[in-house]
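File shown: start02.pdb. Contents: PDB, C-alpha atoms.
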ATOM      1  CA  MET A   1     -51.755  56.472  54.160
ATOM      2  CA  SER A   2     -51.037  58.461  51.045
ATOM      3  CA  GLU A   3     -51.890  57.407  47.510
ATOM      4  CA  LYS A   4     -48.179  57.647  46.633
ATOM      5  CA  TYR A   5     -47.312  55.095  49.282
ATOM      6  CA  ASN A   6     -50.038  52.705  48.096
ATOM      7  CA  LEU A   7     -48.749  52.927  44.520
ATOM      8  CA  LYS A   8     -45.267  51.955  45.622
ATOM      9  CA  LYS A   9     -46.658  48.949  47.446
ATOM     10  CA  LEU A  10     -48.502  47.836  44.359
ATOM     11  CA  LEU A  11     -45.563  48.343  41.959
ATOM     12  CA  GLY A  12     -42.996  46.575  44.135
ATOM     13  CA  PRO A  13     -44.258  42.989  43.618
ATOM     14  CA  ALA A  14     -44.869  43.658  39.928
ATOM     15  CA  ILE A  15     -41.276  44.757  39.405
ATOM     16  CA  LEU A  16     -40.008  41.762  41.366
ATOM     17  CA  LEU A  17     -42.152  39.435  39.283
ATOM     18  CA  GLY A  18     -40.760  40.978  36.098
ATOM     19  CA  VAL A  19     -37.202  40.455  37.293
ATOM     20  CA  LEU A  20     -37.933  36.835  38.118
ATOM     21  CA  ILE A  21     -39.541  36.237  34.749
ATOM     22  CA  GLY A  22     -36.616  37.896  32.988
ATOM     23  CA  GLY A  23     -34.161  35.800  34.993
ATOM     24  CA  CYS A  24     -35.829  32.586  33.828
ATOM     25  CA  LYS A  25     -35.099  33.228  30.155
ATOM     26  CA  LYS A  26     -34.022  29.953  28.483
ATOM     27  CA  ILE A  27     -30.245  29.547  28.108
ATOM     28  CA  ASP A  28     -29.008  28.300  24.704
ATOM     29  CA  GLU A  29     -28.293  24.587  24.974
ATOM     30  CA  GLY A  30     -24.989  23.090  23.751
ATOM     31  CA  PHE A  31     -22.080  24.458  21.744
ATOM     32  CA  LEU A  32     -20.952  23.967  18.160
ATOM     33  CA  SER A  33     -17.383  25.172  17.650
ATOM     34  CA  ASP A  34     -16.087  26.924  14.560
ATOM     35  CA  GLY A  35     -12.656  25.498  15.310
ATOM     36  CA  LEU A  36     -13.085  21.735  15.105
ATOM     37  CA  TYR A  37     -10.520  20.191  12.772
ATOM     38  CA  VAL A  38      -9.016  17.083  11.187
ATOM     39  CA  PRO A  39      -5.818  16.290  13.150
ATOM     40  CA  ASP A  40      -4.017  14.439  10.348
ATOM     41  CA  ASN A  41      -4.794  16.995   7.643
ATOM     42  CA  PRO A  42      -3.545  16.794   4.906
ATOM     43  CA  LEU A  43      -4.537  13.143   4.616
ATOM     44  CA  THR A  44      -2.612  10.611   2.540
ATOM     45  CA  ILE A  45      -4.458   7.775   0.809
ATOM     46  CA  GLN A  46      -2.208   4.780   0.139
ATOM     47  CA  ARG A  47      -3.599   3.254  -3.031
ATOM     48  CA  GLY A  48      -4.357  -0.435  -2.715
ATOM     49  CA  ASN A  49      -3.951  -0.552   1.056
ATOM     50  CA  PRO A  50      -6.686  -2.984   2.208
ATOM     51  CA  PHE A  51      -7.276  -1.098   5.468
ATOM     52  CA  GLN A  52      -6.384   2.491   6.274
ATOM     53  CA  LYS A  53      -8.245   4.420   8.974
ATOM     54  CA  THR A  54      -7.850   8.146   9.580
ATOM     55  CA  ASN A  55      -8.078   9.888  12.953
ATOM     56  CA  ALA A  56     -11.331  11.193  14.409
ATOM     57  CA  ILE A  57     -12.130  14.888  14.043
ATOM     58  CA  LEU A  58     -11.181  16.917  17.142
ATOM     59  CA  ALA A  59     -14.251  18.636  18.561
ATOM     60  CA  ASP A  60     -12.650  21.795  20.048
ATOM     61  CA  GLY A  61     -15.180  21.862  22.879
ATOM     62  CA  THR A  62     -18.205  21.024  20.751
ATOM     63  CA  THR A  63     -20.964  19.492  22.857
ATOM     64  CA  GLN A  64     -21.175  15.720  22.569
ATOM     65  CA  PRO A  65     -22.590  13.631  21.090
ATOM     66  CA  MET A  66     -22.019  15.064  17.667
ATOM     67  CA  THR A  67     -22.713  13.436  14.301
ATOM     68  CA  ILE A  68     -20.568  14.142  11.269
ATOM     69  CA  THR A  69     -21.849  13.677   7.743
ATOM     70  CA  LEU A  70     -19.783  13.745   4.559
ATOM     71  CA  LEU A  71     -21.350  16.204   2.117
ATOM     72  CA  ASP A  72     -19.010  16.207  -0.870
ATOM     73  CA  VAL A  73     -15.582  15.195  -2.165
ATOM     74  CA  ARG A  74     -14.082  17.315  -4.956
ATOM     75  CA  ARG A  75     -10.897  17.337  -6.949
ATOM     76  CA  ALA A  76      -8.853  20.262  -5.670
ATOM     77  CA  ASP A  77      -7.602  21.125  -9.160
ATOM     78  CA  THR A  78     -10.998  21.347 -10.916
ATOM     79  CA  LYS A  79     -13.321  21.996  -7.927
ATOM     80  CA  LYS A  80     -15.678  19.413  -9.467
ATOM     81  CA  HIS A  81     -17.371  16.522  -7.698
ATOM     82  CA  ALA A  82     -15.038  13.497  -7.627
ATOM     83  CA  ASP A  83     -17.172  10.858  -9.331
ATOM     84  CA  GLU A  84     -14.368   8.317  -9.069
ATOM     85  CA  PHE A  85     -14.556   8.505  -5.283
ATOM     86  CA  TYR A  86     -18.118   7.242  -5.260
ATOM     87  CA  LYS A  87     -17.868   4.468  -7.857
ATOM     88  CA  GLU A  88     -17.623   0.801  -6.950
ATOM     89  CA  TYR A  89     -14.606  -1.255  -8.009
ATOM     90  CA  PRO A  90     -13.902  -5.012  -7.884
ATOM     91  CA  VAL A  91     -11.771  -5.908  -4.866
ATOM     92  CA  TYR A  92     -10.801  -9.211  -3.284
ATOM     93  CA  VAL A  93     -11.932  -9.365   0.349
ATOM     94  CA  TYR A  94     -10.124 -12.023   2.381
ATOM     95  CA  THR A  95     -12.102 -13.985   4.956
ATOM     96  CA  ALA A  96      -8.991 -15.715   6.324
ATOM     97  CA  SER A  97      -5.239 -15.258   6.025
ATOM     98  CA  VAL A  98      -3.412 -17.051   3.216
ATOM     99  CA  ASP A  99      -0.577 -19.350   4.313
ATOM    100  CA  PRO A 100       1.817 -19.916   1.376
ATOM    101  CA  ALA A 101       3.088 -23.110   2.984
ATOM    102  CA  VAL A 102      -0.423 -24.596   2.979
ATOM    103  CA  ASP A 103      -2.397 -22.687   0.349
ATOM    104  CA  THR A 104      -0.394 -23.628  -2.715
ATOM    105  CA  THR A 105      -3.121 -23.524  -5.360
ATOM    106  CA  ILE A 106      -5.495 -20.848  -6.601
ATOM    107  CA  GLU A 107      -8.404 -23.099  -5.649
ATOM    108  CA  GLN A 108      -7.242 -23.067  -2.023
ATOM    109  CA  VAL A 109      -6.716 -19.311  -2.084
ATOM    110  CA  ASN A 110     -10.156 -18.694  -3.574
ATOM    111  CA  LYS A 111     -11.767 -20.444  -0.622
ATOM    112  CA  LYS A 112     -10.394 -17.635   1.547
ATOM    113  CA  ARG A 113     -11.414 -14.658  -0.551
ATOM    114  CA  THR A 114     -14.461 -13.182  -2.253
ATOM    115  CA  LEU A 115     -14.546 -10.720  -5.140
ATOM    116  CA  LYS A 116     -16.766  -7.780  -4.207
ATOM    117  CA  ASN A 117     -17.636  -4.412  -5.689
ATOM    118  CA  LEU A 118     -16.755  -1.709  -3.168
ATOM    119  CA  LYS A 119     -16.486   2.044  -2.957
ATOM    120  CA  PRO A 120     -12.972   3.120  -1.960
ATOM    121  CA  PHE A 121     -14.098   4.315   1.464
ATOM    122  CA  VAL A 122     -16.552   4.183   4.340
ATOM    123  CA  PHE A 123     -17.186   7.431   6.247
ATOM    124  CA  LEU A 124     -17.946   7.176   9.975
ATOM    125  CA  THR A 125     -20.039   9.562  12.076
ATOM    126  CA  SER A 126     -16.826  10.380  13.977
ATOM    127  CA  GLY A 127     -15.487  12.011  10.813
ATOM    128  CA  GLN A 128     -13.076   9.155  10.066
ATOM    129  CA  PHE A 129     -12.454   7.588   6.662
ATOM    130  CA  ILE A 130     -11.806   3.875   6.355
ATOM    131  CA  PHE A 131     -10.135   3.289   2.987
ATOM    132  CA  ASN A 132      -9.905  -0.154   1.375
ATOM    133  CA  GLY A 133      -8.246  -1.895  -1.567
ATOM    134  CA  ALA A 134     -10.553  -0.179  -4.057
ATOM    135  CA  THR A 135      -8.373   2.928  -3.647
ATOM    136  CA  ASP A 136      -6.013   1.244  -6.107
ATOM    137  CA  SER A 137      -8.470   2.327  -8.818
ATOM    138  CA  LEU A 138      -8.212   6.012  -7.882
ATOM    139  CA  PRO A 139      -5.823   8.118  -9.974
ATOM    140  CA  LEU A 140      -2.337   8.579  -8.545
ATOM    141  CA  GLY A 141      -1.144  11.927  -7.225
ATOM    142  CA  VAL A 142      -4.546  13.652  -7.152
ATOM    143  CA  THR A 143      -5.499  15.933  -4.251
ATOM    144  CA  TYR A 144      -9.113  16.025  -3.089
ATOM    145  CA  GLU A 145     -10.932  18.381  -0.729
ATOM    146  CA  TYR A 146     -14.113  17.596   1.160
ATOM    147  CA  ASP A 147     -16.980  19.192   3.081
ATOM    148  CA  ILE A 148     -18.738  17.924   6.189
ATOM    149  CA  GLN A 149     -21.782  18.783   8.272
ATOM    150  CA  VAL A 150     -21.636  18.518  12.063
ATOM    151  CA  SER A 151     -24.837  18.203  14.100
ATOM    152  CA  ASN A 152     -25.509  18.137  17.837
ATOM    153  CA  VAL A 153     -28.003  19.504  20.328
ATOM    154  CA  ALA A 154     -26.989  23.060  19.396
ATOM    155  CA  GLY A 155     -27.921  22.574  15.732
ATOM    156  CA  SER A 156     -25.959  21.910  12.532
ATOM    157  CA  LYS A 157     -23.087  23.610  10.790
ATOM    158  CA  VAL A 158     -21.382  23.047   7.416
ATOM    159  CA  TYR A 159     -17.591  23.092   7.230
ATOM    160  CA  LYS A 160     -16.333  23.668   3.709
ATOM    161  CA  ASN A 161     -12.890  22.341   2.757
ATOM    162  CA  ILE A 162     -12.340  20.882   6.207
ATOM    163  CA  ALA A 163      -9.290  19.002   4.912
ATOM    164  CA  THR A 164      -7.509  17.669   1.836
ATOM    165  CA  MET A 165      -6.331  14.188   0.911
ATOM    166  CA  THR A 166      -3.894  13.022  -1.749
ATOM    167  CA  THR A 167      -3.493   9.603  -3.371
ATOM    168  CA  VAL A 168      -0.006   8.104  -3.201
ATOM    169  CA  ASP A 169       1.548   4.732  -3.820
ATOM    170  CA  PRO A 170       3.328   3.053  -0.912
ATOM    171  CA  PRO A 171       6.937   2.050  -1.587
ATOM    172  CA  LEU A 172       6.645  -0.415  -4.462
ATOM    173  CA  ILE A 173       9.922  -2.223  -3.793
ATOM    174  CA  THR A 174      11.536  -3.258  -0.512
ATOM    175  CA  GLU A 175      14.013  -5.817   0.836
ATOM    176  CA  THR A 176      16.487  -5.367  -2.026
ATOM    177  CA  THR A 177      19.944  -6.895  -1.826
ATOM    178  CA  ALA A 178      22.379  -8.403  -4.332
ATOM    179  CA  ASN A 179      25.833  -9.974  -4.404
ATOM    180  CA  CYS A 180      27.874 -12.230  -6.673
ATOM    181  CA  ASN A 181      30.865 -14.551  -6.277
ATOM    182  CA  PHE A 182      33.117 -16.373  -8.730
ATOM    183  CA  PHE A 183      33.645 -20.071  -8.007
ATOM    184  CA  PRO A 184      36.730 -21.437  -9.827
ATOM    185  CA  ASN A 185      36.210 -24.865 -11.372
ATOM    186  CA  ASP A 186      39.466 -26.091  -9.787
ATOM    187  CA  GLY A 187      37.982 -25.751  -6.304
ATOM    188  CA  SER A 188      40.267 -22.914  -5.227
ATOM    189  CA  ALA A 189      39.105 -19.998  -3.088
ATOM    190  CA  THR A 190      35.983 -18.045  -3.936
ATOM    191  CA  ILE A 191      36.596 -14.675  -5.601
ATOM    192  CA  PRO A 192      34.203 -11.808  -4.775
ATOM    193  CA  MET A 193      32.821 -10.168  -7.919
ATOM    194  CA  GLY A 194      30.968  -7.280  -6.326
ATOM    195  CA  ALA A 195      27.279  -6.507  -6.318
ATOM    196  CA  PRO A 196      25.221  -7.027  -9.487
ATOM    197  CA  THR A 197      23.167  -4.093 -10.714
ATOM    198  CA  MET A 198      19.519  -4.719  -9.891
ATOM    199  CA  THR A 199      16.958  -2.786 -11.925
ATOM    200  CA  ILE A 200      13.255  -3.149 -11.166
ATOM    201  CA  THR A 201      10.736  -1.488 -13.476
ATOM    202  CA  ARG A 202       6.962  -1.563 -13.112
ATOM    203  CA  VAL A 203       5.783  -1.641 -16.714
ATOM    204  CA  ASN A 204       2.056  -2.046 -16.028
ATOM    205  CA  GLU A 205      -0.216  -1.398 -13.038
ATOM    206  CA  SER A 206      -2.532  -4.241 -14.072
ATOM    207  CA  GLY A 207      -1.720  -7.918 -13.657
ATOM    208  CA  ALA A 208       0.605  -9.594 -11.178
ATOM    209  CA  SER A 209       3.742 -10.853 -12.923
ATOM    210  CA  VAL A 210       7.505 -10.712 -12.529
ATOM    211  CA  ILE A 211       9.777 -11.051 -15.553
ATOM    212  CA  LEU A 212      13.189 -11.935 -14.104
ATOM    213  CA  LYS A 213      16.289 -11.588 -16.275
ATOM    214  CA  ILE A 214      19.881 -12.404 -15.374
ATOM    215  CA  THR A 215      22.291 -10.752 -17.803
ATOM    216  CA  ASP A 216      25.977 -10.213 -18.382
ATOM    217  CA  LYS A 217      27.663  -6.847 -17.849
ATOM    218  CA  ASN A 218      26.462  -5.705 -21.300
ATOM    219  CA  GLY A 219      22.824  -6.599 -20.662
ATOM    220  CA  VAL A 220      22.859  -9.791 -22.752
ATOM    221  CA  PRO A 221      20.499 -12.251 -21.025
ATOM    222  CA  PHE A 222      21.480 -15.758 -20.077
ATOM    223  CA  ASN A 223      19.000 -18.350 -21.364
ATOM    224  CA  PRO A 224      17.150 -20.143 -18.544
ATOM    225  CA  ALA A 225      15.296 -22.397 -20.998
ATOM    226  CA  LYS A 226      18.623 -23.893 -22.138
ATOM    227  CA  GLY A 227      20.148 -24.323 -18.682
ATOM    228  CA  GLU A 228      22.383 -21.238 -18.769
ATOM    229  CA  ILE A 229      20.987 -20.390 -15.321
ATOM    230  CA  ILE A 230      20.760 -23.191 -12.762
ATOM    231  CA  LYS A 231      19.955 -23.526  -9.063
ATOM    232  CA  ARG A 232      22.595 -23.840  -6.345
ATOM    233  CA  GLY A 233      22.095 -27.002  -4.340
ATOM    234  CA  ASP A 234      19.301 -26.754  -1.780
ATOM    235  CA  ARG A 235      19.199 -22.966  -1.673
ATOM    236  CA  PRO A 236      15.997 -21.115  -2.631
ATOM    237  CA  ILE A 237      15.360 -19.843  -6.150
ATOM    238  CA  PHE A 238      12.601 -17.834  -7.828
ATOM    239  CA  GLU A 239      10.442 -20.943  -7.961
ATOM    240  CA  ASN A 240      10.340 -21.341  -4.173
ATOM    241  CA  TYR A 241       8.464 -18.052  -3.844
ATOM    242  CA  ALA A 242       6.068 -18.629  -6.768
ATOM    243  CA  ARG A 243       3.421 -20.519  -4.856
ATOM    244  CA  PHE A 244       0.340 -20.453  -7.063
ATOM    245  CA  HIS A 245       1.481 -20.779 -10.674
ATOM    246  CA  PRO A 246       4.442 -22.585 -12.303
ATOM    247  CA  ILE A 247       7.408 -20.549 -13.538
ATOM    248  CA  GLN A 248       7.620 -20.036 -17.289
ATOM    249  CA  TYR A 249      11.121 -20.313 -18.765
ATOM    250  CA  THR A 250      11.906 -18.456 -21.982
ATOM    251  CA  ASP A 251      15.080 -17.721 -23.947
ATOM    252  CA  THR A 252      15.600 -14.528 -21.973
ATOM    253  CA  ALA A 253      13.667 -14.670 -18.701
ATOM    254  CA  MET A 254      11.882 -16.534 -15.953
ATOM    255  CA  ILE A 255       8.272 -15.377 -15.592
ATOM    256  CA  CYS A 256       6.078 -15.742 -12.541
ATOM    257  CA  ASN A 257       2.389 -14.922 -12.098
ATOM    258  CA  PHE A 258       2.455 -14.198  -8.360
ATOM    259  CA  GLU A 259      -1.322 -13.640  -8.030
ATOM    260  CA  ILE A 260      -1.201 -11.935  -4.597
ATOM    261  CA  ALA A 261       0.852  -8.948  -3.522
ATOM    262  CA  PRO A 262       3.233  -8.505  -1.871
ATOM    263  CA  PHE A 263       5.616 -10.819  -3.699
ATOM    264  CA  PRO A 264       7.190 -12.812  -2.192
ATOM    265  CA  LEU A 265       4.220 -13.245   0.098
ATOM    266  CA  SER A 266       6.396 -14.511   2.949
ATOM    267  CA  LYS A 267       9.962 -15.405   3.839
ATOM    268  CA  TYR A 268      11.273 -18.830   2.875
ATOM    269  CA  SER A 269      12.430 -21.327   5.474
ATOM    270  CA  ASN A 270      13.774 -24.819   4.870
ATOM    271  CA  GLY A 271      15.565 -27.330   7.071
ATOM    272  CA  GLY A 272      15.626 -24.925   9.988
ATOM    273  CA  THR A 273      17.211 -22.122   7.936
ATOM    274  CA  ASN A 274      15.393 -18.833   7.350
ATOM    275  CA  TRP A 275      16.455 -17.558   3.929
ATOM    276  CA  ASN A 276      14.343 -14.402   4.173
ATOM    277  CA  TYR A 277      13.608 -13.462   0.529
ATOM    278  CA  LEU A 278      16.939 -14.542  -0.977
ATOM    279  CA  MET A 279      17.307 -16.338  -4.321
ATOM    280  CA  TYR A 280      20.513 -18.125  -5.360
ATOM    281  CA  TYR A 281      21.587 -18.959  -8.919
ATOM    282  CA  ARG A 282      24.606 -20.167 -10.852
ATOM    283  CA  VAL A 283      25.740 -19.384 -14.396
ATOM    284  CA  PRO A 284      28.082 -22.264 -15.355
ATOM    285  CA  SER A 285      31.493 -21.516 -16.841
ATOM    286  CA  THR A 286      30.326 -22.899 -20.212
ATOM    287  CA  PHE A 287      28.265 -19.774 -20.817
ATOM    288  CA  LEU A 288      30.489 -16.931 -19.624
ATOM    289  CA  LYS A 289      33.905 -15.350 -19.832
ATOM    290  CA  VAL A 290      35.210 -13.507 -16.802
ATOM    291  CA  ASP A 291      37.171 -10.253 -17.047
ATOM    292  CA  PRO A 292      40.932 -10.956 -16.905
ATOM    293  CA  ALA A 293      41.309  -8.173 -14.350
ATOM    294  CA  LEU A 294      39.370 -10.346 -11.910
ATOM    295  CA  THR A 295      41.026 -13.704 -12.597
ATOM    296  CA  ASN A 296      42.418 -15.939 -15.339
ATOM    297  CA  LYS A 297      40.696 -18.973 -13.885
ATOM    298  CA  ILE A 298      37.681 -20.698 -15.409
ATOM    299  CA  GLY A 299      34.610 -20.904 -13.241
ATOM    300  CA  SER A 300      30.993 -19.994 -12.604
ATOM    301  CA  ALA A 301      29.249 -16.777 -11.594
ATOM    302  CA  ASN A 302      27.004 -17.175  -8.552
ATOM    303  CA  PRO A 303      24.584 -14.341  -7.926
ATOM    304  CA  LEU A 304      22.312 -14.060  -4.943
ATOM    305  CA  PHE A 305      19.631 -11.416  -4.634
ATOM    306  CA  ALA A 306      16.351 -10.500  -2.993
ATOM    307  CA  PHE A 307      13.504  -8.110  -3.646
ATOM    308  CA  ARG A 308       9.928  -7.671  -2.482
ATOM    309  CA  LEU A 309       7.192  -6.091  -4.588
ATOM    310  CA  MET A 310       4.507  -4.471  -2.452
ATOM    311  CA  LYS A 311       1.787  -3.946  -5.050
ATOM    312  CA  ALA A 312       0.344  -5.837  -7.974
ATOM    313  CA  GLY A 313       1.492  -5.023 -11.491
ATOM    314  CA  VAL A 314       3.870  -6.290 -14.144
ATOM    315  CA  TYR A 315       7.520  -5.875 -13.188
ATOM    316  CA  VAL A 316      10.738  -6.440 -15.097
ATOM    317  CA  VAL A 317      13.598  -7.337 -12.765
ATOM    318  CA  GLU A 318      17.065  -7.351 -14.330
ATOM    319  CA  ILE A 319      20.095  -8.672 -12.462
ATOM    320  CA  LYS A 320      23.178  -7.495 -14.377
ATOM    321  CA  LEU A 321      26.240  -9.496 -13.359
ATOM    322  CA  PRO A 322      29.535  -7.610 -13.056
ATOM    323  CA  LYS A 323      32.771  -8.582 -14.799
ATOM    324  CA  VAL A 324      31.352 -11.368 -16.971
ATOM    325  CA  THR A 325      30.463 -11.600 -20.669
ATOM    326  CA  HIS A 326      27.994 -14.068 -22.180
ATOM    327  CA  ILE A 327      29.534 -16.512 -24.670
TER     328      ILE A 327
END
Translate the structure of the given file into structure tokens.
Amino acid sequence: MSEKYNLKKLLGPAILLGVLIGGCKKIDEGFLSDGLYVPDNPLTIQRGNPFQKTNAILADGTTQPMTITLLDVRRADTKKHADEFYKEYPVYVYTASVDPAVDTTIEQVNKKRTLKNLKPFVFLTSGQFIFNGATDSLPLGVTYEYDIQVSNVAGSKVYKNIATMTTVDPPLITETTANCNFFPNDGSATIPMGAPTMTITRVNESGASVILKITDKNGVPFNPAKGEIIKRGDRPIFENYARFHPIQYTDTAMICNFEIAPFPLSKYSNGGTNWNYLMYYRVPSTFLKVDPALTNKIGSANPLFAFRLMKAGVYVVEIKLPKVTHI
């Protein structure tokens, strides 16, 4: 047998062994996508909302399980770290629901809530934010951007500016309605007066008060302290919705410290009738003069109206009656 043949016999197994060794090279384990994303980007933070949870980050094929860590939150306008996002703010945390029909004093309400210092958010390993009532202390209309790190069996990767989020206020005022009728003193038919003009102005973000004014067509207020505004029989008035503090009556307004938003906290029911959020009042004929174009009769103006304030603050609510002048 030739030497050349023997060499081939010797090299054959060596080459085969090399192929086998090369074929057993370790395959990279797992996958970490460049394309994972926040599905609800851009995010909206409703200030003061006691519970708001964003959607989980979509993995785009990234091997599970993955862990997501929040690295930084910055203001988009200055590119600086958002210190306000990491501060703690005082927030009432409720341990049970408040029933306005039962919990009629602050002492009863306080048994169902605790004042805590909280950051505005909790960040979950799924990449979700849970925002709480402390967001009310964040500035309004500011856009933030944030960075995350994602880790799994394949390693870790940083995602800069993965999404943005902007602080907004939810609708401050809902459930608005208003109407007014003229009731002649002689008992004749009711005369529609048209809808009063309702103006609601939030004059301060702090506090929890409503200053309610009922005025004539020129903006001159009727005096609730002197009986120029009275209730209508068994129908609900401002007082029926002010559960925790008594109404203050001044020369120009009725003032309520409502303590808990929204206000009214719930609809009003009485005697089997659901009045929703309506309030009924009467301005007696002694204190007004009606426009002659409406009628020459003497009588009272009878406004009804409703509103619901969704956030705390100090509000001025003016109900301007049509076609009447204060006398």
* Which of A:Val142, A:Ile191, A:Ile173, A:Ala56 sits closest to Leu124 in chain A [using only C-alpha atoms] ->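 Comparing A:Val142, A:Ile191, A:Ile173, A:Ala56 against Leu124 in chain A, the winner is A:Ala56.
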* Spell out the residues picked by the PyMOL selection byres ((chain A and resi 53) around 7) here, as an MDAnalysis selection string. => chainID A and resid 51:52 54:55 128:131
* Within 10 Å of Gly61 in chain A, counting all atoms listed in the file, which residues qualify if same-chain residues fewer than 5 places away don't, as a PyMOL selection string? -> chain A and resi 30-36
* Asked: Which residue out of A:Trp275, A:Tyr86, A:Tyr144, A:Phe263 has the minimum interatomic distance to Tyr241 in chain A when only C-alpha atoms are used?
  ->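 When distances to Tyr241 in chain A are compared using only C-alpha atoms, the smallest one comes from A:Phe263.
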* Residue with smallest distance to Ile327 in chain A - pool A:Tyr281, A:Asn223, A:Met254, A:Pro303, counting only C-alpha atoms ->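 Going through A:Tyr281, A:Asn223, A:Met254, A:Pro303 one by one, the smallest distance to Ile327 in chain A is for A:Asn223.
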